[in-house]
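Pasted below: coords00.cif, mmCIF, C-alpha atoms.
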```
data_model
#
loop_
_atom_site.label_atom_id
_atom_site.label_comp_id
_atom_site.auth_asym_id
_atom_site.auth_seq_id
_atom_site.Cartn_x
_atom_site.Cartn_y
_atom_site.Cartn_z
CA MET G 1 -69.98 25.72 21.47
CA ARG G 2 -71.74 26.02 18.13
CA ASP G 3 -68.37 25.66 16.39
CA ARG G 4 -67.60 22.29 17.98
CA LEU G 5 -68.22 20.44 14.72
CA TRP G 6 -65.99 22.73 12.72
CA ILE G 7 -63.20 22.49 15.28
CA ALA G 8 -63.38 18.70 15.34
CA ALA G 9 -63.40 18.51 11.56
CA GLY G 10 -60.46 20.88 11.37
CA LEU G 11 -58.53 18.82 13.89
CA VAL G 12 -59.17 15.63 11.95
CA LEU G 13 -58.02 17.28 8.74
CA PHE G 14 -54.93 18.66 10.48
CA VAL G 15 -53.94 15.30 11.94
CA ALA G 16 -54.59 13.61 8.61
CA ALA G 17 -52.41 16.16 6.83
CA ILE G 18 -49.43 15.91 9.15
CA THR G 19 -49.51 12.12 9.29
CA ALA G 20 -49.96 11.77 5.55
CA PRO G 21 -46.34 10.80 4.88
CA PHE G 22 -46.73 7.82 7.19
CA TRP G 23 -49.77 6.23 5.63
CA TYR G 24 -49.32 7.53 2.09
CA ARG G 25 -46.37 5.19 1.48
CA PRO G 26 -44.63 5.18 -1.88
CA THR G 27 -45.51 2.30 -4.14
CA PRO G 28 -43.37 1.33 -7.09
CA ALA G 29 -46.10 1.62 -9.64
CA ARG G 30 -46.73 5.22 -8.76
CA ASP G 31 -43.54 6.65 -7.35
CA LEU G 32 -40.50 4.63 -8.26
CA ALA G 33 -38.48 5.88 -11.19
CA LYS G 34 -37.46 3.21 -13.63
CA LEU G 35 -34.45 1.54 -12.08
CA PRO G 36 -31.26 1.34 -14.12
CA GLU G 37 -30.53 -1.94 -15.82
CA LEU G 38 -27.05 -2.87 -14.83
CA ALA G 39 -25.09 -5.33 -16.89
CA LEU G 40 -23.49 -7.74 -14.47
CA PRO G 41 -20.40 -9.72 -15.33
CA ALA G 42 -21.17 -13.21 -16.54
CA LYS G 43 -17.87 -14.82 -15.76
CA GLN G 44 -17.64 -13.77 -12.13
CA LYS G 45 -20.26 -14.41 -9.48
CA GLN G 46 -18.44 -12.79 -6.57
CA CYS G 47 -17.13 -9.23 -6.30
CA VAL G 48 -14.10 -8.32 -4.20
CA ALA G 49 -16.44 -7.58 -1.29
CA PRO G 50 -20.05 -8.49 -0.46
CA VAL G 51 -22.54 -6.76 -2.70
CA SER G 52 -24.11 -4.80 0.13
CA TYR G 53 -20.72 -3.36 1.02
CA MET G 54 -19.82 -2.58 -2.58
CA ARG G 55 -23.14 -0.90 -3.17
CA ALA G 56 -22.77 1.44 -0.22
CA SER G 57 -19.01 1.86 0.04
CA HIS G 58 -17.30 1.11 -3.26
CA MET G 59 -15.96 4.65 -3.24
CA VAL G 60 -14.28 4.06 0.11
CA LEU G 61 -12.70 0.88 -1.18
CA LEU G 62 -11.46 2.65 -4.29
CA THR G 63 -9.91 5.50 -2.32
CA ASP G 64 -8.29 3.01 0.04
CA TRP G 65 -6.84 1.08 -2.88
CA ARG G 66 -5.57 4.28 -4.45
CA GLN G 67 -3.89 5.35 -1.23
CA GLN G 68 -2.33 1.95 -0.62
CA VAL G 69 -1.04 1.41 -4.15
CA VAL G 70 0.29 4.88 -4.84
CA ARG G 71 1.58 5.87 -1.44
CA GLU G 72 2.32 2.61 0.33
CA SER G 73 3.24 0.33 -2.60
CA GLU G 74 0.71 -2.19 -1.29
CA ARG G 75 -0.74 -3.80 -4.38
CA LYS G 76 -2.40 -7.02 -3.25
CA TYR G 77 -5.91 -7.06 -1.83
CA VAL G 78 -7.02 -10.00 0.27
CA ALA G 79 -10.79 -10.20 0.03
CA PHE G 80 -13.21 -11.24 2.78
CA ASN G 81 -13.28 -14.78 1.40
CA GLY G 82 -9.51 -15.10 1.12
CA SER G 83 -9.23 -14.45 -2.61
CA VAL G 84 -6.36 -12.23 -3.60
CA TYR G 85 -6.88 -9.42 -6.07
CA GLN G 86 -4.71 -6.80 -7.64
CA LYS G 87 -5.70 -3.38 -6.36
CA SER G 88 -6.51 -1.84 -9.70
CA LEU G 89 -9.50 0.00 -11.05
CA THR G 90 -8.71 -0.73 -14.67
CA ALA G 91 -7.40 -4.26 -14.29
CA THR G 92 -9.58 -5.67 -11.53
CA CYS G 93 -12.85 -3.69 -11.51
CA LEU G 94 -13.04 -3.17 -15.25
CA GLY G 95 -11.78 -6.70 -15.80
CA CYS G 96 -15.35 -7.76 -15.01
CA HIS G 97 -17.49 -4.66 -15.10
CA ASN G 98 -18.30 -2.48 -18.03
CA LYS G 99 -17.99 1.22 -17.34
CA GLU G 100 -20.90 2.37 -19.54
CA GLN G 101 -23.28 -0.42 -18.61
CA PHE G 102 -22.45 -0.60 -14.92
CA CYS G 103 -20.71 2.42 -13.41
CA ASP G 104 -22.26 5.06 -15.62
CA ARG G 105 -25.82 3.74 -15.56
CA CYS G 106 -26.09 3.79 -11.80
CA HIS G 107 -24.20 7.05 -11.44
CA THR G 108 -26.50 8.68 -13.96
CA TYR G 109 -29.58 7.26 -12.24
CA ALA G 110 -28.40 8.47 -8.83
CA GLY G 111 -27.32 11.84 -10.19
CA VAL G 112 -23.77 11.33 -9.02
CA SER G 113 -21.81 13.08 -11.72
CA GLY G 114 -18.80 13.25 -9.47
CA PRO G 115 -15.79 11.04 -9.70
CA TYR G 116 -13.19 12.09 -12.22
CA CYS G 117 -11.50 8.66 -12.36
CA TRP G 118 -11.79 8.55 -16.12
CA ASN G 119 -9.95 11.80 -16.76
CA CYS G 120 -6.81 9.75 -16.31
CA HIS G 121 -7.65 6.06 -15.98
CA ASN G 122 -8.37 4.32 -19.24
CA ALA G 123 -11.72 2.63 -19.43
CA SER G 124 -11.59 2.10 -23.18
CA ALA G 125 -8.88 -0.53 -23.27
CA SER G 126 -10.41 -2.73 -20.61
CA ARG G 127 -13.83 -2.33 -22.11
CA ALA G 128 -13.18 -4.97 -24.76
CA VAL G 129 -12.48 -7.55 -22.10
CA ALA G 130 -15.53 -6.65 -20.05
CA ALA G 131 -17.82 -6.59 -23.08
CA SER G 132 -16.70 -9.96 -24.37
CA ALA G 133 -17.18 -11.50 -20.94
CA ASP G 134 -20.55 -9.88 -20.57
CA THR G 135 -23.61 -11.56 -21.91
CA THR G 136 -25.33 -8.24 -21.16
CA GLU G 137 -28.45 -10.21 -20.44
CA PRO G 138 -30.67 -7.68 -18.75
CA ARG G 139 -31.52 -8.59 -15.21
CA PRO G 140 -35.11 -8.45 -14.05
CA GLU G 141 -35.85 -4.85 -13.43
CA GLY G 142 -34.76 -3.80 -9.99
CA ALA G 143 -33.39 -7.19 -9.09
CA HIS G 144 -29.95 -5.81 -8.40
CA LEU G 145 -31.40 -3.60 -5.69
CA ALA G 146 -33.53 -6.30 -4.16
CA GLU G 147 -31.80 -6.54 -0.84
CA ASN G 148 -32.25 -2.93 0.06
CA LEU G 149 -35.88 -2.36 -0.80
CA PRO G 150 -38.79 -2.51 1.63
CA ALA G 151 -40.90 -5.66 1.51
CA HIS G 152 -44.02 -4.15 -0.04
CA ILE G 153 -41.99 -2.72 -2.92
CA LEU G 154 -40.29 -6.04 -3.41
CA ALA G 155 -43.66 -7.74 -3.64
CA GLU G 156 -44.84 -5.19 -6.17
CA LEU G 157 -41.71 -5.59 -8.24
CA ALA G 158 -42.00 -9.35 -8.12
CA SER G 159 -45.56 -9.22 -9.34
CA ARG G 160 -44.54 -6.82 -12.13
CA THR G 161 -41.66 -8.90 -13.42
CA ASN G 162 -43.43 -12.19 -12.71
CA GLN G 163 -40.24 -13.56 -11.33
CA SER G 164 -39.18 -14.47 -7.88
CA LEU G 165 -36.52 -12.12 -6.66
CA PRO G 166 -33.35 -13.52 -5.25
CA GLY G 167 -33.08 -12.98 -1.53
CA SER G 168 -29.37 -12.51 -1.86
CA ARG G 169 -27.57 -11.82 -5.02
CA PRO G 170 -24.82 -14.14 -6.22
CA MET U 1 11.95 38.59 59.11
CA LYS U 2 13.36 41.78 57.83
CA ILE U 3 15.14 41.79 54.50
CA THR U 4 17.30 44.62 53.31
CA ARG U 5 17.37 45.89 49.78
CA LYS U 6 20.97 44.61 49.47
CA ASP U 7 19.99 41.09 50.59
CA PHE U 8 17.02 41.05 48.21
CA LEU U 9 19.17 41.97 45.21
CA ARG U 10 21.81 39.42 46.18
CA LEU U 11 19.21 36.64 46.54
CA SER U 12 17.44 37.35 43.27
CA GLY U 13 20.77 37.51 41.43
CA LEU U 14 21.76 34.12 42.80
CA SER U 15 18.38 32.62 41.84
CA PHE U 16 18.73 33.84 38.26
CA LEU U 17 22.24 32.41 38.06
CA ALA U 18 21.11 29.06 39.43
CA GLY U 19 18.18 28.91 37.00
CA GLY U 20 20.38 29.79 34.04
CA ALA U 21 23.00 27.21 35.01
CA MET U 22 20.34 24.49 35.20
CA GLU U 23 19.00 25.36 31.73
CA ALA U 24 22.51 25.30 30.30
CA ALA U 25 23.31 21.96 31.94
CA ARG U 26 20.08 20.45 30.60
CA ALA U 27 20.75 21.71 27.08
CA ILE U 28 24.29 20.30 27.03
CA ALA U 29 23.12 16.95 28.40
CA GLY U 30 20.29 16.81 25.84
CA ARG U 31 22.55 17.56 22.92
CA SER U 32 25.14 14.97 23.86
CA SER U 33 22.49 12.29 24.32
CA ALA U 34 20.93 13.16 20.97
CA ALA U 35 24.34 12.94 19.34
CA THR U 36 25.07 9.50 20.76
CA GLU U 37 21.63 8.30 19.68
CA SER U 38 22.12 9.37 16.09
CA GLN U 39 25.57 7.77 16.04
CA SER U 40 24.41 4.50 17.50
CA THR U 41 21.48 4.12 15.07
CA PRO U 42 22.66 4.97 11.57
CA VAL U 43 19.95 5.06 8.94
CA ALA U 44 20.10 1.58 7.52
CA GLN U 45 18.88 1.95 3.97
CA SER U 46 18.88 -1.36 2.19
CA VAL U 47 17.61 -0.17 -1.18
CA ARG U 48 18.32 3.01 -3.02
CA TRP U 49 17.48 2.79 -6.68
CA GLY U 50 19.84 4.58 -9.00
CA MET U 51 21.10 4.67 -12.54
CA VAL U 52 24.40 4.98 -14.31
CA VAL U 53 24.40 6.40 -17.83
CA ASP U 54 27.37 5.39 -19.95
CA LEU U 55 27.74 8.26 -22.41
CA ARG U 56 30.35 6.42 -24.47
CA ARG U 57 27.96 3.60 -25.16
CA CYS U 58 25.03 6.00 -25.62
CA GLN U 59 27.00 7.86 -28.29
CA LYS U 60 27.55 4.73 -30.39
CA GLU U 61 23.98 4.74 -31.62
CA LYS U 62 23.63 8.07 -33.40
CA GLY U 63 20.18 9.62 -33.34
CA CYS U 64 18.79 6.83 -31.18
CA THR U 65 15.59 7.65 -29.29
CA ALA U 66 14.81 4.16 -27.99
CA CYS U 67 14.75 5.11 -24.30
CA THR U 68 12.50 8.10 -24.84
CA ASP U 69 10.17 6.17 -27.13
CA ALA U 70 9.88 3.25 -24.73
CA CYS U 71 9.22 5.52 -21.76
CA ASP U 72 6.68 7.68 -23.57
CA ALA U 73 4.81 4.60 -24.78
CA ALA U 74 4.82 2.95 -21.36
CA HIS U 75 3.70 6.01 -19.43
CA ASN U 76 1.38 7.71 -21.91
CA VAL U 77 3.64 10.73 -22.20
CA PRO U 78 2.12 13.15 -24.73
CA ARG U 79 4.06 14.44 -27.72
CA LEU U 80 3.03 18.06 -27.93
CA ALA U 81 4.14 20.27 -30.79
CA ASP U 82 4.44 23.46 -28.76
CA PRO U 83 7.87 23.34 -27.08
CA GLN U 84 6.50 25.32 -24.15
CA HIS U 85 3.93 22.62 -23.48
CA GLN U 86 6.33 19.71 -23.79
CA VAL U 87 6.16 16.93 -21.23
CA ASN U 88 9.44 15.13 -20.56
CA TRP U 89 10.20 12.03 -18.55
CA ILE U 90 13.46 11.03 -20.21
CA TRP U 91 14.86 13.29 -22.89
CA THR U 92 18.17 14.53 -24.25
CA GLN U 93 20.05 17.80 -24.14
CA PRO U 94 23.44 18.79 -25.58
CA TYR U 95 26.40 17.84 -23.39
CA GLU U 96 27.60 21.39 -22.74
CA THR U 97 24.23 22.47 -21.33
CA VAL U 98 24.09 19.45 -19.02
CA PHE U 99 27.60 19.67 -17.62
CA PRO U 100 28.60 23.32 -17.87
CA PHE U 101 31.22 22.80 -15.17
CA ILE U 102 33.26 20.47 -17.40
CA GLN U 103 33.87 23.20 -19.95
CA ASN U 104 37.49 24.10 -19.30
CA GLY U 105 39.09 25.75 -22.25
CA TYR U 106 39.25 23.23 -25.08
CA ALA U 107 38.56 20.20 -22.91
CA GLU U 108 34.88 19.96 -23.69
CA GLN U 109 35.21 19.98 -27.45
CA SER U 110 35.28 16.23 -27.93
CA ASP U 111 31.88 15.85 -26.37
CA ALA U 112 30.33 19.14 -27.45
CA GLY U 113 26.86 18.70 -28.84
CA ILE U 114 26.39 15.02 -28.03
CA PRO U 115 22.94 14.31 -26.68
CA VAL U 116 22.87 13.37 -23.00
CA PRO U 117 19.85 11.46 -21.70
CA LEU U 118 18.22 13.28 -18.82
CA LEU U 119 15.63 12.15 -16.34
CA CYS U 120 14.57 12.78 -12.78
CA ASN U 121 17.59 12.37 -10.52
CA HIS U 122 15.58 10.91 -7.64
CA CYS U 123 17.64 13.02 -5.26
CA ALA U 124 18.65 11.98 -1.79
CA SER U 125 17.43 15.36 -0.60
CA PRO U 126 14.81 16.34 -3.17
CA PRO U 127 13.99 20.07 -3.23
CA CYS U 128 10.71 19.37 -5.00
CA VAL U 129 9.53 17.32 -2.03
CA HIS U 130 10.48 20.03 0.44
CA VAL U 131 8.33 22.63 -1.28
CA CYS U 132 5.25 20.58 -2.22
CA PRO U 133 2.36 22.01 -0.21
CA THR U 134 0.09 18.97 -0.55
CA GLN U 135 2.60 16.12 -0.16
CA ALA U 136 1.70 15.08 -3.68
CA THR U 137 5.37 14.29 -4.15
CA TRP U 138 7.48 12.49 -1.60
CA LYS U 139 10.55 10.36 -1.23
CA ARG U 140 9.99 6.66 -0.77
CA ALA U 141 12.13 4.47 1.46
CA ASP U 142 13.79 3.00 -1.64
CA GLY U 143 14.88 6.46 -2.82
CA ILE U 144 12.29 6.96 -5.55
CA VAL U 145 10.85 10.44 -5.62
CA MET U 146 7.26 9.52 -6.23
CA MET U 147 4.25 11.52 -7.31
CA ASP U 148 0.60 11.11 -6.39
CA TRP U 149 -1.23 12.77 -9.28
CA HIS U 150 -4.46 12.52 -7.35
CA ARG U 151 -3.12 15.05 -4.90
CA CYS U 152 -1.27 17.43 -7.21
CA ILE U 153 -2.95 20.82 -7.29
CA GLY U 154 -0.74 22.12 -10.09
CA CYS U 155 0.93 24.92 -8.12
CA ARG U 156 4.28 24.15 -9.83
CA TYR U 157 6.37 24.94 -6.74
CA CYS U 158 8.21 21.67 -7.42
CA MET U 159 9.09 22.81 -10.92
CA ALA U 160 10.56 25.99 -9.54
CA ALA U 161 12.48 24.05 -6.91
CA CYS U 162 13.90 21.33 -9.17
CA PRO U 163 17.35 22.44 -10.40
CA TYR U 164 17.33 19.84 -13.19
CA GLY U 165 14.14 20.76 -15.02
CA SER U 166 12.93 17.21 -14.53
CA ARG U 167 9.31 18.13 -14.06
CA SER U 168 6.71 19.08 -16.63
CA PHE U 169 3.34 20.70 -16.28
CA ASN U 170 0.30 19.70 -18.27
CA TRP U 171 -0.74 23.01 -19.75
CA VAL U 172 -3.22 21.28 -22.02
CA ASP U 173 -5.16 18.03 -21.97
CA PRO U 174 -2.49 15.45 -22.85
CA ARG U 175 -4.81 12.72 -24.15
CA PRO U 176 -5.21 13.94 -27.74
CA ALA U 177 -1.40 14.06 -28.05
CA ILE U 178 -0.89 10.42 -27.08
CA ALA U 179 -0.64 8.22 -30.15
CA HIS U 180 -1.43 4.89 -28.47
CA ILE U 181 -2.74 4.91 -24.94
CA ASN U 182 -1.25 2.20 -22.76
CA PRO U 183 -4.28 0.93 -20.82
CA ASP U 184 -2.20 -0.27 -17.88
CA PHE U 185 -0.96 3.18 -16.99
CA PRO U 186 -3.07 6.25 -16.35
CA THR U 187 -2.75 9.35 -18.44
CA ARG U 188 -2.61 12.65 -16.63
CA SER U 189 -5.09 15.45 -16.79
CA LYS U 190 -4.60 19.10 -17.53
CA GLY U 191 -3.21 20.99 -14.54
CA VAL U 192 -0.95 18.44 -12.90
CA VAL U 193 2.81 18.10 -12.83
CA GLU U 194 4.51 14.88 -13.87
CA LYS U 195 7.94 13.38 -14.13
CA CYS U 196 9.92 10.14 -14.30
CA ASN U 197 8.90 7.63 -11.62
CA PHE U 198 11.83 5.25 -12.21
CA CYS U 199 9.16 2.83 -13.49
CA GLU U 200 8.04 2.01 -9.99
CA GLU U 201 5.11 0.07 -11.48
CA ARG U 202 7.62 -2.19 -13.25
CA LEU U 203 9.94 -2.45 -10.25
CA ALA U 204 6.96 -3.74 -8.26
CA ASN U 205 6.81 -6.65 -10.70
CA GLY U 206 10.55 -7.26 -10.59
CA LEU U 207 11.22 -5.60 -13.94
CA LYS U 208 13.79 -2.97 -14.78
CA PRO U 209 12.73 0.47 -16.05
CA SER U 210 11.54 0.46 -19.65
CA CYS U 211 14.27 2.86 -20.81
CA VAL U 212 16.91 0.47 -19.45
CA ASP U 213 15.35 -2.48 -21.23
CA ALA U 214 14.92 -0.53 -24.46
CA CYS U 215 18.50 0.75 -24.81
CA PRO U 216 20.18 -1.18 -27.65
CA GLN U 217 23.66 -0.34 -26.33
CA LYS U 218 22.92 -1.14 -22.69
CA ALA U 219 24.08 2.37 -21.88
CA LEU U 220 21.62 2.73 -19.02
CA VAL U 221 22.47 0.62 -16.00
CA PHE U 222 19.93 0.43 -13.21
CA GLY U 223 20.36 -1.03 -9.77
CA ASN U 224 20.58 -0.64 -6.05
CA LEU U 225 23.12 2.02 -5.09
CA ALA U 226 23.05 0.87 -1.46
CA ASP U 227 24.42 -2.53 -2.48
CA PRO U 228 28.20 -2.33 -3.06
CA ASN U 229 28.07 -5.30 -5.44
CA SER U 230 25.27 -4.01 -7.63
CA GLU U 231 25.91 -3.34 -11.30
CA PRO U 232 25.90 0.45 -11.04
CA ARG U 233 28.19 0.42 -8.01
CA GLN U 234 30.67 -1.82 -9.82
CA LEU U 235 30.69 0.56 -12.77
CA LEU U 236 31.17 3.54 -10.47
CA ARG U 237 34.21 1.85 -8.92
CA GLN U 238 35.78 1.31 -12.34
CA ARG U 239 35.17 4.59 -14.13
CA PHE U 240 35.05 8.30 -13.52
CA ALA U 241 31.50 9.46 -13.10
CA VAL U 242 29.79 12.79 -12.57
CA GLN U 243 26.42 13.82 -11.23
CA ARG U 244 24.48 16.83 -12.40
CA GLU U 245 25.15 19.85 -10.23
CA PRO U 246 26.28 17.93 -7.15
CA GLU U 247 27.30 21.19 -5.48
CA LEU U 248 23.63 21.91 -4.79
CA GLY U 249 23.57 19.13 -2.21
CA THR U 250 20.59 17.33 -3.66
CA GLY U 251 22.43 14.01 -3.95
CA PRO U 252 21.30 12.78 -7.38
CA SER U 253 20.88 9.03 -7.88
CA VAL U 254 21.73 9.28 -11.58
CA TYR U 255 25.43 9.15 -12.51
CA TYR U 256 27.05 9.80 -15.86
CA LEU U 257 30.18 8.00 -17.06
CA VAL U 258 31.82 10.63 -19.24
#
```

File written out as structure tokens:
Amino acid sequence: MRDRLWIAAGLVLFVAAITAPFWYRPTPARDLAKLPELALPAKQKQCVAPVSYMRASHMVLLTDWRQQVVRESERKYVAFNGSVYQKSLTATCLGCHNKEQFCDRCHTYAGVSGPYCWNCHNASASRAVAASADTTEPRPEGAHLAENLPAHILAELASRTNQSLPGSRP
Amino acid sequence: MKITRKDFLRLSGLSFLAGGAMEAARAIAGRSSAATESQSTPVAQSVRWGMVVDLRRCQKEKGCTACTDACDAAHNVPRLADPQHQVNWIWTQPYETVFPFIQNGYAEQSDAGIPVPLLCNHCASPPCVHVCPTQATWKRADGIVMMDWHRCIGCRYCMAACPYGSRSFNWVDPRPAIAHINPDFPTRSKGVVEKCNFCEERLANGLKPSCVDACPQKALVFGNLADPNSEPRQLLRQRFAVQREPELGTGPSVYYLV
């Protein structure tokens, strides 16, 4: 019975330790690595699919396109909003996006060294088009990821950049 | 009920006979029905792309490499110095090596040594497709023997199977050996097989293959072999034509007017 204090203290410490991840939430200032600055195309406001889908599943879309073009001779892509695109990485994707300033930056940030698209597909030739269309005006830091971040991080980011973050990206 | 050994043997023999007869009857019925089915529904192929090469016209332009140049430029085909590393889509070989069966005594001498343009024959029954373990190469409904370089694992079974030598392997990285990269067509990487694709990317846009368009003598005639009124079929009705090694049963889609 003389150890009651020690036991209670130990229990409190134990509970505090195992619940630490819940109350010790990450905050951008302390924990968030500097987000990549992606150059977004100036001439186009809408991608071939909603941004949330592209962000999570662009690789699925690209493999589907590859399969359909090469194996099924199906070359036209009807987007969610009815626009028709050519299913082509170099013509359509790189027609707007810049490989170094868009694909590579995010892939490097996320540590995804993976896809070997560029062993065969030619990014260099389309780059001129993308670069000329690109104002390469840097977006507010982290703005491109706004939709997916928790609210308290968004608030922090907003206060850091002194800009209101768009609720949904164009 | 008592059964004698004799009755038992007789019964079991009859049962076996009856069972066998039923199997035989079923097999015969099945085969005849299958036969009528295949007769009643012939494979209706509306498009089969093919080419006719007029060697007389081709010969007029001595030393011409227009078809090869156009193809190599369009498809980023590397020009490698080492002959063992060469990548060929459309190329030439001396007449006597292409048509060894025409060499009868002195008959071949007029054509001996003339360069004959060669390309993938886009066979009706392509041996390369039969052996590919990953289905990286397959025959399309329009007769083009297509390749999916994404799927090629570089095993080179297709190269061993192809009797025409139409396929090339990338032993080295081809990019440094391409003078001007055409941005609209991918290059290949080291370790995959490639070959002529009958310019399927141009056919999709309603264009003819680049070699056909490039030929100054119009010696290459491209069209739909399934259409009796197409240009190649009209030529084949008018003149004697040969295929390469037709005895192998591959059914080449490329014909040569000799």

Answer key for the PyMOL selection byres ((chain G) within 12 of (chain U)), residues as a PyMOL selection string: chain G and resi 63+66-76+86+88-92+94-95+115-129

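Here atom CA of Pro117 of chain U is placed at a distance of 18.4 Å from atom CA of Arg239 of chain U.
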
Expanded to explicit residues, what is the PyMOL selection byres ((chain U and resi 124) around 12) for this file, as JSON, numbers by chain? {"U": [45, 48, 49, 50, 120, 121, 122, 123, 125, 126, 127, 128, 129, 130, 138, 139, 140, 141, 142, 143, 144, 145, 225, 226, 246, 248, 249, 250, 251, 252, 253, 254]}

Could those residues be written to a file, using C-alpha atoms, as a PDB file, keeping the file's coordinate frame?
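Now in again_19.pdb:
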```
ATOM      1  CA  GLN U  45      18.880   1.950   3.970  1.00  0.00           C
ATOM      2  CA  ARG U  48      18.320   3.010  -3.020  1.00  0.00           C
ATOM      3  CA  TRP U  49      17.480   2.790  -6.680  1.00  0.00           C
ATOM      4  CA  GLY U  50      19.840   4.580  -9.000  1.00  0.00           C
ATOM      5  CA  CYS U 120      14.570  12.780 -12.780  1.00  0.00           C
ATOM      6  CA  ASN U 121      17.590  12.370 -10.520  1.00  0.00           C
ATOM      7  CA  HIS U 122      15.580  10.910  -7.640  1.00  0.00           C
ATOM      8  CA  CYS U 123      17.640  13.020  -5.260  1.00  0.00           C
ATOM      9  CA  SER U 125      17.430  15.360  -0.600  1.00  0.00           C
ATOM     10  CA  PRO U 126      14.810  16.340  -3.170  1.00  0.00           C
ATOM     11  CA  PRO U 127      13.990  20.070  -3.230  1.00  0.00           C
ATOM     12  CA  CYS U 128      10.710  19.370  -5.000  1.00  0.00           C
ATOM     13  CA  VAL U 129       9.530  17.320  -2.030  1.00  0.00           C
ATOM     14  CA  HIS U 130      10.480  20.030   0.440  1.00  0.00           C
ATOM     15  CA  TRP U 138       7.480  12.490  -1.600  1.00  0.00           C
ATOM     16  CA  LYS U 139      10.550  10.360  -1.230  1.00  0.00           C
ATOM     17  CA  ARG U 140       9.990   6.660  -0.770  1.00  0.00           C
ATOM     18  CA  ALA U 141      12.130   4.470   1.460  1.00  0.00           C
ATOM     19  CA  ASP U 142      13.790   3.000  -1.640  1.00  0.00           C
ATOM     20  CA  GLY U 143      14.880   6.460  -2.820  1.00  0.00           C
ATOM     21  CA  ILE U 144      12.290   6.960  -5.550  1.00  0.00           C
ATOM     22  CA  VAL U 145      10.850  10.440  -5.620  1.00  0.00           C
ATOM     23  CA  LEU U 225      23.120   2.020  -5.090  1.00  0.00           C
ATOM     24  CA  ALA U 226      23.050   0.870  -1.460  1.00  0.00           C
ATOM     25  CA  PRO U 246      26.280  17.930  -7.150  1.00  0.00           C
ATOM     26  CA  LEU U 248      23.630  21.910  -4.790  1.00  0.00           C
ATOM     27  CA  GLY U 249      23.570  19.130  -2.210  1.00  0.00           C
ATOM     28  CA  THR U 250      20.590  17.330  -3.660  1.00  0.00           C
ATOM     29  CA  GLY U 251      22.430  14.010  -3.950  1.00  0.00           C
ATOM     30  CA  PRO U 252      21.300  12.780  -7.380  1.00  0.00           C
ATOM     31  CA  SER U 253      20.880   9.030  -7.880  1.00  0.00           C
ATOM     32  CA  VAL U 254      21.730   9.280 -11.580  1.00  0.00           C
TER      33      VAL U 254
END
```

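Considering all atoms listed in the file, the residue among U:Met1, U:Cys132, U:Ala81, U:Val116 positioned nearest to Glu96 of chain U is U:Val116.
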
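Those residues positioned at most 9 Å from (2.2, 4.1, -29.5) are U:Asp69, U:Asp72, U:Ala73, U:Ala74, U:Asn76, U:Ile178, U:Ala179, U:His180, U:Ile181, U:Asn182, judged using all atoms listed in the file.
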
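Going from atom CA of Ile114 of chain U to atom CA of Pro83 of chain U covers 20.3 Å.
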